[in-house]
Amino acid sequence: MKVSGTPLTGPLAEKLPKIAAIVGVLGMIASFVYYTQDHHRFFYSYLTAFVFFLSIVLGGMFFVIIQHLTRAGWSVVVRRLSEHLMKNAGLMAILFIPILFGLHELYHWTHASEVLKDHLLQVKAPYLNIPFFVARVVVFFAVWVWLGRKFFNMSVAQDSSADHSLTLKMQKASTYGILLFGLSLTFSMVDWVMSITPHWYSTMFGVYFFAGSAMAGLATISLLALILRRAGFLQDIIRVDHYHDLAKLLYGFIVFWTYIAFSQYFLIWYANIPEDTAWYHMHFMGSWNTVAVFLILGHFALPFIGFMSKHMRRNLKVQAIVTVWMLFMHFVDVYWVIMPNIDTSGFHASWGDIACFLGIGGLFVAVLFARMRTVSLVPTQDPRLPESLAHHT
Amino acid sequence: MGKSIYGLMAEFDSPGSLMKAAEGLRDSGYKKFETYSPFPIHGMDAAMGLKESVLGWIVLVFGATGLTCGFLLQTWVSVFAYEITVSGKPLFSFQAFVPVCFEVMVLFSGIAAVFGMFALNRLPQLYHSVFNYKRFAIASSHGFFVSVESDDAHYSEVDTTRLLEKLGGKHIETVEA
């Protein structure tokens with residue numbers, strides 16, 4: 001079977017980026033209005049939306065790297081989609097800039113007067129200080145943008161040159177790539193999210209976000225493929241067998257997230273040390289407890305039972321619903337981790353949350369689909385493409 | 001008294017022709033036939049017209065049983081039989097039960113999967129008629145075979161042989177039970 005290397009065309013390529021860009025800009029303006037009204041809470045809303053979309057980028061990056069690392073053949077037909085997600089790291093770097101202006105609102109440890117009164121913060125000051133924090137921000141984005149460009153450019157270069165040595169180069173890059181990815185994801189989440197409560201620490205925290213990111217990345221890849229399928233693209237190329245395998249991985253990471261989330265909770269519950277339990281005390285406060293139970297049910301129990309059967313995983317309509325639902329639950333997860341820091345008495349949604357979500361999300365979708373106009377939707381010259389096309393589960 | 005007949009066996013030269021043979025037998029209405037190859041062939045289940053295995057449901061039932069048993073056991077032990085307060089936590093601390101519940105569920109599921117698989121495959125068998133077919137020894141290296149059992153409703157030595165020949169079978173022989 002010959003695969004034509006056509007990029008995205010039609011309304012998804014022409015109209016959608018424009019509409020999404022308008023939504024994004026309007027969302028950003030609304031976010032700014034929200035900032036003028038409640039500049040303290042704005043940064044938490046913004047960070048929540050930012051971390052959500054960043055996790056999709058990192059989930060896409062993880063998928064690309066792990067496919068090269070394992071020299072996987074089955075996934076070649078969907079790899080370009082995850083490469084597009086990964087390439088949005090540059091956009092996320094720009095969207096991080098507002099957070100730099102909110103360090104004082106977000107992070108307690110930036111207040112010198114508080115640090116003076118607090119022995120623990122003094123001890124942590126060599127790590128938790130603004131210059132080093134900003135330096136790490138630069139390093140994290142440098143790593144992500146660099147890795148994203150590296151894998152994306154090599155993969156696209158292969159489309160025209162058909163050079164098989166590029167596959168070997170990508171495999172080589174995936175070895176140190178996965179190390180850089182794991183370290184940068186872990187430390188970025190420790191910095192940006194865990195340090196909101198600087199007294200608290202959990203060695204599970206990075207893995208917790210990794211599990212959510214990998215899950216969100218897989219759900220987005222699958223959803224993106226389904227959207228393209230609906231518009232008439234890649235219908236014979238990404239077949240039910242590929243969706244089935246994506247669903248298996250998605251299911252695996254849903255369970256993995258649960259395992260990690262429970263492990264983090266369980267050890268803290270068992271040890272019952274005040275400085276550890278304080279975090280859960282805050283996250284179970286008032287109606288946040290209901291959100292936590294909703295997470296257990298919606299992020300674990302419901303998909304665990306509903307998506308267990310092979311027939312469900314091979315049903316593309318079910319998969320569309322599950323991927324959208326899991327992305328929603330992932331947002332609830334990020335919201336539950338970050339927002340109790342500001343809404344201390346209980347769950348309290350605001351229009352500002354929606355504005356930030358639409359602002360970042362709109363720009364994310366606009367950049368994503370605009371880029372899909374430029375290169376083939378499938379890595380047409382990948383030496384393993386025939387294996388992927390013939391993939392059978 | 002003559003020896004009873006297990007059925008007919010034939011050899012095919014490739015996984016593709018084996019698949020076609022399976023489809024041919026399925027479409028002719030045969031139910032009690034089996035294919036043998038050195039490696040699993042994707043799509044063979046559908047080609048043979050096999051129904052989905054019930055093993056998954058067996059594992060589900062056993063897994064749920066294991067989960068319930070693990071939970072009830074721990075509840076009985078910690079709440080009723082031995083009321084010992086551990087690190088100041090309530091007697092009914094379900095959080096502490098989770099790892100054991102999980103492990104018992106996995107244990108039950110694993111045992112159900114392995115022994116359920118053996119039961120459904122009717123393994124182990126000390127004797128099987130297909131080994132009376134001389135060429136069958138190469139089934140584990142490079143041979144592709146079909147056996148049609150004589151108690152299939154459509155079985156007749158002449159017609160089935162003709163069908164197997166038509167489907168590309170070689171070395172077609174009747175095999176003793």
# chains A, B, ... in the order shown; residues from 1 in each chain; ligands from 1
call {"tool": "residues_around", "arguments": {"residues": "Gln171 of chain A", "least_positions_apart": "3", "cutoff": "8 Å", "atoms": "only C-alpha atoms", "output": "list in words"}}
result
His68, Leu69, Arg71, Thr167, Leu168, Ser174 and Thr175 of chain A
call {"tool": "select_by_dssp", "arguments": {"residues": "segment 60-284 of chain A", "states": "helix (DSSP H, G or I)", "output": "VMD selection string"}}
result
chain A and resid 60 to 69 76 to 87 89 to 95 97 to 100 103 to 106 108 to 110 112 to 117 119 to 124 130 to 161 165 to 192 194 to 196 205 to 230 240 to 271 274 to 283
call {"tool": "closest_atom_pairs", "arguments": {"of": "chain A", "to": "chain B", "cutoff": "10 Å", "atoms": "only C-alpha atoms", "output": "JSON lines"}}
result
{"residue": "A:Phe262", "atom": "CA", "partner": "B:Gln95", "partner_atom": "CA", "distance": 9.1}
{"residue": "A:Ser263", "atom": "CA", "partner": "B:Pro99", "partner_atom": "CA", "distance": 9.6}
{"residue": "A:Tyr265", "atom": "CA", "partner": "B:Gln95", "partner_atom": "CA", "distance": 9.2}
{"residue": "A:Phe266", "atom": "CA", "partner": "B:Gln95", "partner_atom": "CA", "distance": 6.9}
{"residue": "A:Leu267", "atom": "CA", "partner": "B:Ala96", "partner_atom": "CA", "distance": 9.8}
{"residue": "A:Trp269", "atom": "CA", "partner": "B:Gln95", "partner_atom": "CA", "distance": 8.2}
{"residue": "A:Tyr270", "atom": "CA", "partner": "B:Ala96", "partner_atom": "CA", "distance": 7.9}
{"residue": "A:Ala271", "atom": "CA", "partner": "B:Ser87", "partner_atom": "CA", "distance": 8.8}
{"residue": "A:Asn272", "atom": "CA", "partner": "B:Ser87", "partner_atom": "CA", "distance": 8.9}
{"residue": "A:Ser309", "atom": "CA", "partner": "B:Gly56", "partner_atom": "CA", "distance": 9.0}
{"residue": "A:His391", "atom": "CA", "partner": "B:His42", "partner_atom": "CA", "distance": 9.8}
{"residue": "A:His392", "atom": "CA", "partner": "B:His42", "partner_atom": "CA", "distance": 6.8}
{"residue": "A:Thr393", "atom": "CA", "partner": "B:His42", "partner_atom": "CA", "distance": 7.5}
call {"tool": "write_last_selection", "arguments": {"atoms": "N, CA and C atoms", "output": "short mmCIF file (atom, residue, chain, number, x, y, z; two decimals), in the first residue's frame"}}
result
data_model
loop_
_atom_site.label_atom_id
_atom_site.label_comp_id
_atom_site.auth_asym_id
_atom_site.auth_seq_id
_atom_site.Cartn_x
_atom_site.Cartn_y
_atom_site.Cartn_z
N PHE A 262 -2.59 6.40 44.61
CA PHE A 262 -2.86 5.69 45.86
C PHE A 262 -1.58 5.50 46.67
N SER A 263 -0.49 5.17 45.99
CA SER A 263 0.78 4.96 46.70
C SER A 263 1.20 6.22 47.44
N TYR A 265 -0.78 8.65 48.50
CA TYR A 265 -1.70 8.85 49.61
C TYR A 265 -1.45 7.85 50.73
N PHE A 266 -1.26 6.60 50.34
CA PHE A 266 -1.20 5.49 51.30
C PHE A 266 -0.04 5.65 52.28
N LEU A 267 1.14 5.96 51.76
CA LEU A 267 2.31 6.06 52.64
C LEU A 267 2.17 7.24 53.59
N TRP A 269 -0.70 8.52 54.60
CA TRP A 269 -1.76 8.13 55.54
C TRP A 269 -1.20 7.21 56.63
N TYR A 270 -0.39 6.27 56.22
CA TYR A 270 0.16 5.30 57.17
C TYR A 270 1.08 5.96 58.19
N ALA A 271 2.03 6.77 57.65
CA ALA A 271 3.02 7.38 58.54
C ALA A 271 2.37 8.43 59.43
N ASN A 272 1.39 9.16 58.87
CA ASN A 272 0.63 10.13 59.65
C ASN A 272 1.53 11.19 60.31
N SER A 309 -13.26 -4.14 28.44
CA SER A 309 -13.57 -5.11 27.39
C SER A 309 -12.92 -4.74 26.06
N HIS A 391 -0.20 -3.77 10.62
CA HIS A 391 -0.34 -4.13 12.04
C HIS A 391 -1.70 -4.78 12.32
N HIS A 392 -1.63 -5.82 13.09
CA HIS A 392 -2.82 -6.61 13.39
C HIS A 392 -2.72 -7.03 14.85
N THR A 393 -3.76 -6.73 15.63
CA THR A 393 -3.66 -7.09 17.04
C THR A 393 -4.29 -8.45 17.28
#
call {"tool": "residues_around", "arguments": {"residues": "Phe136 of chain B", "least_positions_apart": "3", "cutoff": "12 Å", "atoms": "only C-alpha atoms", "output": "PDB file with C-alpha atoms, in the first residue's frame"}}
result
ATOM      1  CA  MET B   9      -5.454 -34.662   8.195  1.00  0.00           C
ATOM      2  CA  ALA B  10      -3.748 -32.643   5.485  1.00  0.00           C
ATOM      3  CA  GLU B  11      -0.615 -30.587   5.136  1.00  0.00           C
ATOM      4  CA  PHE B  12      -0.407 -27.091   3.665  1.00  0.00           C
ATOM      5  CA  THR B  35      -5.315 -25.981  12.442  1.00  0.00           C
ATOM      6  CA  TYR B  36      -1.693 -26.433  13.529  1.00  0.00           C
ATOM      7  CA  SER B  37       1.245 -24.167  12.810  1.00  0.00           C
ATOM      8  CA  PRO B  38       4.664 -23.528  14.390  1.00  0.00           C
ATOM      9  CA  HIS B 128      -3.757 -37.271  21.147  1.00  0.00           C
ATOM     10  CA  SER B 129      -4.714 -38.879  17.854  1.00  0.00           C
ATOM     11  CA  VAL B 130      -3.070 -36.236  15.645  1.00  0.00           C
ATOM     12  CA  PHE B 131       0.329 -37.710  16.517  1.00  0.00           C
ATOM     13  CA  ASN B 132      -0.684 -40.848  14.607  1.00  0.00           C
ATOM     14  CA  TYR B 133      -0.251 -38.740  11.489  1.00  0.00           C
ATOM     15  CA  ALA B 139       4.316 -28.993  13.058  1.00  0.00           C
ATOM     16  CA  SER B 140       6.677 -27.423  15.594  1.00  0.00           C
ATOM     17  CA  SER B 141       9.211 -26.292  12.977  1.00  0.00           C
ATOM     18  CA  HIS B 142       7.810 -25.698   9.484  1.00  0.00           C
ATOM     19  CA  GLY B 143       4.636 -27.704   8.913  1.00  0.00           C
ATOM     20  CA  PHE B 144       1.099 -26.345   8.567  1.00  0.00           C
ATOM     21  CA  PHE B 145      -1.675 -28.870   9.156  1.00  0.00           C
ATOM     22  CA  VAL B 146      -5.427 -29.211   9.265  1.00  0.00           C
ATOM     23  CA  SER B 147      -7.321 -31.950  11.028  1.00  0.00           C
ATOM     24  CA  HIS B 171      -0.531 -35.837   2.070  1.00  0.00           C
ATOM     25  CA  ILE B 172      -4.187 -36.254   2.942  1.00  0.00           C
ATOM     26  CA  GLU B 173      -4.639 -39.281   5.148  1.00  0.00           C
ATOM     27  CA  VAL B 175      -5.847 -40.811  11.038  1.00  0.00           C
TER      28      VAL B 175
END
call {"tool": "select_by_dssp", "arguments": {"residues": "chain B", "states": "strand (DSSP E or B)", "output": "count of residues only"}}
result
25
call {"tool": "residues_around", "arguments": {"residues": "Met154 of chain A", "least_positions_apart": "5", "cutoff": "12 Å", "atoms": "only C-alpha atoms", "output": "mmCIF file with C-alpha atoms, in the first residue's frame"}}
result
data_model
loop_
_atom_site.group_PDB
_atom_site.id
_atom_site.type_symbol
_atom_site.label_atom_id
_atom_site.label_comp_id
_atom_site.auth_asym_id
_atom_site.auth_seq_id
_atom_site.Cartn_x
_atom_site.Cartn_y
_atom_site.Cartn_z
ATOM 1 C CA ARG A 80 3.447 12.148 13.401
ATOM 2 C CA GLU A 83 5.267 14.682 17.095
ATOM 3 C CA LEU A 147 14.029 17.513 22.077
ATOM 4 C CA GLY A 148 10.811 18.474 20.282
ATOM 5 C CA ARG A 149 12.646 20.135 17.411
ATOM 6 C CA ASP A 159 9.743 12.282 4.514
ATOM 7 C CA SER A 160 11.673 13.897 1.667
ATOM 8 C CA SER A 161 15.090 12.272 1.899
ATOM 9 C CA ALA A 162 13.956 8.696 2.681
ATOM 10 C CA ASP A 163 17.216 8.420 4.604
ATOM 11 C CA HIS A 164 17.014 5.366 6.852
ATOM 12 C CA SER A 165 19.986 6.485 8.932
ATOM 13 C CA LEU A 166 17.707 9.158 10.422
ATOM 14 C CA THR A 167 15.748 6.382 12.120
ATOM 15 C CA LEU A 168 18.968 5.194 13.752
ATOM 16 C CA LYS A 169 19.761 8.757 14.799
ATOM 17 C CA MET A 170 16.322 9.150 16.362
ATOM 18 C CA GLN A 171 16.801 5.874 18.205
ATOM 19 C CA ALA A 173 18.615 10.407 20.604
ATOM 20 C CA PRO A 379 5.996 9.662 8.244
ATOM 21 C CA GLN A 381 9.410 7.158 4.346
ATOM 22 C CA ASP A 382 9.835 5.531 7.750
#
call {"tool": "residues_around", "arguments": {"residues": "Leu106 of chain A", "least_positions_apart": "4", "cutoff": "10 Å", "atoms": "only C-alpha atoms", "output": "PyMOL selection string"}}
result
chain A and resi 40-44+47+99-102+110+192-193+195-197+341-342
call {"tool": "closest_residue", "arguments": {"among": "A:Lys150, A:Ser213, A:Tyr201, A:Trp351", "to": "Phe63 of chain A", "atoms": "only C-alpha atoms"}}
result
A:Ser213
call {"tool": "residues_around", "arguments": {"residues": "Glu52 of chain B", "least_positions_apart": "5", "cutoff": "12 Å", "atoms": "only C-alpha atoms", "output": "list in words"}}
result
Lys310 and His311 of chain A; Asp45, Ala46 and Trp57 of chain B
call {"tool": "write_last_selection", "arguments": {"atoms": "N, CA and C atoms", "output": "PDB file, in the first residue's frame"}}
result
ATOM      1  N   LYS A 310     -12.488  -5.782  25.351  1.00  0.00           N
ATOM      2  CA  LYS A 310     -11.907  -5.613  24.027  1.00  0.00           C
ATOM      3  C   LYS A 310     -12.897  -4.965  23.059  1.00  0.00           C
ATOM      4  N   HIS A 311     -14.182  -5.304  23.221  1.00  0.00           N
ATOM      5  CA  HIS A 311     -15.190  -4.760  22.303  1.00  0.00           C
ATOM      6  C   HIS A 311     -15.327  -3.260  22.475  1.00  0.00           C
TER       7      HIS A 311
ATOM      8  N   ASP B  45      -8.357 -17.069  14.173  1.00  0.00           N
ATOM      9  CA  ASP B  45      -9.599 -17.298  14.923  1.00  0.00           C
ATOM     10  C   ASP B  45     -10.811 -17.003  14.055  1.00  0.00           C
ATOM     11  N   ALA B  46     -10.738 -15.864  13.360  1.00  0.00           N
ATOM     12  CA  ALA B  46     -11.867 -15.482  12.507  1.00  0.00           C
ATOM     13  C   ALA B  46     -11.974 -16.427  11.319  1.00  0.00           C
ATOM     14  N   TRP B  57     -14.194 -13.946  31.053  1.00  0.00           N
ATOM     15  CA  TRP B  57     -15.291 -13.870  32.028  1.00  0.00           C
ATOM     16  C   TRP B  57     -14.972 -14.680  33.281  1.00  0.00           C
TER      17      TRP B  57
END
call {"tool": "closest_residue", "arguments": {"among": "A:Leu368, A:Ile178, A:Pro383, A:Arg229", "to": "Ala13 of chain A", "atoms": "only C-alpha atoms"}}
result
A:Leu368
call {"tool": "residues_around", "arguments": {"residues": "Ala47 of chain B", "least_positions_apart": "2", "cutoff": "9 Å", "atoms": "only C-alpha atoms", "output": "PyMOL selection string"}}
result
chain B and resi 19-24+26+43-45+49-50
call {"tool": "write_last_selection", "arguments": {"atoms": "N, CA and C atoms", "output": "short mmCIF file (atom, residue, chain, number, x, y, z; two decimals), in the first residue's frame"}}
result
data_model
loop_
_atom_site.label_atom_id
_atom_site.label_comp_id
_atom_site.auth_asym_id
_atom_site.auth_seq_id
_atom_site.Cartn_x
_atom_site.Cartn_y
_atom_site.Cartn_z
N MET B 19 -4.63 -20.59 6.17
CA MET B 19 -5.72 -19.67 6.47
C MET B 19 -6.87 -19.86 5.48
N LYS B 20 -6.52 -20.00 4.19
CA LYS B 20 -7.54 -20.20 3.15
C LYS B 20 -8.28 -21.52 3.39
N ALA B 21 -7.50 -22.54 3.79
CA ALA B 21 -8.11 -23.85 4.06
C ALA B 21 -9.10 -23.74 5.21
N ALA B 22 -8.70 -22.99 6.25
CA ALA B 22 -9.58 -22.83 7.40
C ALA B 22 -10.86 -22.11 6.98
N GLU B 23 -10.70 -21.06 6.14
CA GLU B 23 -11.88 -20.32 5.66
C GLU B 23 -12.78 -21.23 4.83
N GLY B 24 -12.14 -22.08 3.98
CA GLY B 24 -12.91 -23.00 3.13
C GLY B 24 -13.71 -23.98 3.97
N ARG B 26 -14.60 -23.61 7.12
CA ARG B 26 -15.61 -22.85 7.87
C ARG B 26 -16.82 -22.59 6.97
N GLY B 43 -5.46 -13.56 12.78
CA GLY B 43 -6.68 -13.66 11.98
C GLY B 43 -7.18 -15.08 11.85
N MET B 44 -6.44 -16.05 12.44
CA MET B 44 -6.85 -17.44 12.30
C MET B 44 -8.16 -17.73 13.03
N ASP B 45 -8.36 -17.07 14.17
CA ASP B 45 -9.60 -17.30 14.92
C ASP B 45 -10.81 -17.00 14.05
N GLY B 49 -13.68 -19.41 12.24
CA GLY B 49 -15.03 -19.17 12.75
C GLY B 49 -15.16 -19.50 14.23
N LEU B 50 -14.04 -19.30 14.98
CA LEU B 50 -14.08 -19.61 16.41
C LEU B 50 -14.80 -18.51 17.16
#
call {"tool": "atom_distance", "arguments": {"atom1": "atom CA of Val375 of chain A", "atom2": "atom CA of Ser222 of chain A"}}
result
19.1 Å
call {"tool": "atom_distance", "arguments": {"atom1": "atom CA of Phe50 of chain A", "atom2": "atom CA of Gln67 of chain A"}}
result
26.0 Å
call {"tool": "decode", "arguments": {"residues": "segment 54-78 of chain B", "atoms": "N, CA and C atoms", "output": "mmCIF file, in the first residue's frame"}}
result
data_model
loop_
_atom_site.group_PDB
_atom_site.id
_atom_site.type_symbol
_atom_site.label_atom_id
_atom_site.label_comp_id
_atom_site.auth_asym_id
_atom_site.auth_seq_id
_atom_site.Cartn_x
_atom_site.Cartn_y
_atom_site.Cartn_z
ATOM 1 N N VAL B 54 -14.351 -17.834 26.610
ATOM 2 C CA VAL B 54 -15.027 -17.365 27.824
ATOM 3 C C VAL B 54 -14.031 -17.134 28.961
ATOM 4 N N LEU B 55 -12.738 -17.347 28.661
ATOM 5 C CA LEU B 55 -11.734 -17.259 29.730
ATOM 6 C C LEU B 55 -11.768 -15.905 30.446
ATOM 7 N N GLY B 56 -11.941 -14.825 29.655
ATOM 8 C CA GLY B 56 -11.969 -13.488 30.246
ATOM 9 C C GLY B 56 -13.037 -13.364 31.321
ATOM 10 N N TRP B 57 -14.194 -13.946 31.053
ATOM 11 C CA TRP B 57 -15.291 -13.870 32.028
ATOM 12 C C TRP B 57 -14.972 -14.680 33.281
ATOM 13 N N ILE B 58 -14.311 -15.838 33.080
ATOM 14 C CA ILE B 58 -13.915 -16.656 34.231
ATOM 15 C C ILE B 58 -12.959 -15.860 35.112
ATOM 16 N N VAL B 59 -11.975 -15.204 34.453
ATOM 17 C CA VAL B 59 -11.000 -14.419 35.208
ATOM 18 C C VAL B 59 -11.700 -13.282 35.945
ATOM 19 N N LEU B 60 -12.659 -12.651 35.281
ATOM 20 C CA LEU B 60 -13.385 -11.537 35.902
ATOM 21 C C LEU B 60 -14.101 -12.003 37.169
ATOM 22 N N VAL B 61 -14.797 -13.131 37.063
ATOM 23 C CA VAL B 61 -15.557 -13.640 38.212
ATOM 24 C C VAL B 61 -14.613 -14.003 39.353
ATOM 25 N N PHE B 62 -13.507 -14.680 39.019
ATOM 26 C CA PHE B 62 -12.559 -15.063 40.073
ATOM 27 C C PHE B 62 -11.875 -13.838 40.667
ATOM 28 N N GLY B 63 -11.532 -12.875 39.822
ATOM 29 C CA GLY B 63 -10.905 -11.655 40.315
ATOM 30 C C GLY B 63 -11.820 -10.939 41.287
ATOM 31 N N ALA B 64 -13.106 -10.816 40.931
ATOM 32 C CA ALA B 64 -14.066 -10.151 41.808
ATOM 33 C C ALA B 64 -14.236 -10.937 43.107
ATOM 34 N N THR B 65 -14.219 -12.253 42.994
ATOM 35 C CA THR B 65 -14.313 -13.093 44.195
ATOM 36 C C THR B 65 -13.104 -12.870 45.103
ATOM 37 N N GLY B 66 -11.909 -12.839 44.486
ATOM 38 C CA GLY B 66 -10.694 -12.626 45.257
ATOM 39 C C GLY B 66 -10.720 -11.291 45.978
ATOM 40 N N LEU B 67 -11.178 -10.266 45.259
ATOM 41 C CA LEU B 67 -11.270 -8.924 45.845
ATOM 42 C C LEU B 67 -12.190 -8.942 47.069
ATOM 43 N N THR B 68 -13.348 -9.557 46.897
ATOM 44 C CA THR B 68 -14.324 -9.616 47.986
ATOM 45 C C THR B 68 -13.766 -10.416 49.159
ATOM 46 N N CYS B 69 -13.147 -11.567 48.854
ATOM 47 C CA CYS B 69 -12.608 -12.415 49.920
ATOM 48 C C CYS B 69 -11.525 -11.679 50.692
ATOM 49 N N GLY B 70 -10.619 -11.046 49.976
ATOM 50 C CA GLY B 70 -9.534 -10.320 50.626
ATOM 51 C C GLY B 70 -10.077 -9.234 51.541
ATOM 52 N N PHE B 71 -11.103 -8.539 51.060
ATOM 53 C CA PHE B 71 -11.686 -7.452 51.850
ATOM 54 C C PHE B 71 -12.395 -8.003 53.091
ATOM 55 N N LEU B 72 -13.190 -9.058 52.893
ATOM 56 C CA LEU B 72 -13.944 -9.623 54.019
ATOM 57 C C LEU B 72 -12.995 -10.233 55.054
ATOM 58 N N LEU B 73 -11.974 -10.910 54.580
ATOM 59 C CA LEU B 73 -11.012 -11.516 55.501
ATOM 60 C C LEU B 73 -10.376 -10.458 56.407
ATOM 61 N N GLN B 74 -9.912 -9.377 55.783
ATOM 62 C CA GLN B 74 -9.242 -8.336 56.568
ATOM 63 C C GLN B 74 -10.220 -7.626 57.494
ATOM 64 N N THR B 75 -11.430 -7.405 57.000
ATOM 65 C CA THR B 75 -12.433 -6.762 57.848
ATOM 66 C C THR B 75 -12.722 -7.638 59.062
ATOM 67 N N TRP B 76 -12.906 -8.930 58.834
ATOM 68 C CA TRP B 76 -13.201 -9.855 59.928
ATOM 69 C C TRP B 76 -12.050 -9.886 60.929
ATOM 70 N N VAL B 77 -10.832 -10.002 60.403
ATOM 71 C CA VAL B 77 -9.668 -10.092 61.281
ATOM 72 C C VAL B 77 -9.506 -8.815 62.097
ATOM 73 N N SER B 78 -9.517 -7.663 61.422
ATOM 74 C CA SER B 78 -9.169 -6.439 62.150
ATOM 75 C C SER B 78 -10.339 -5.834 62.931
#
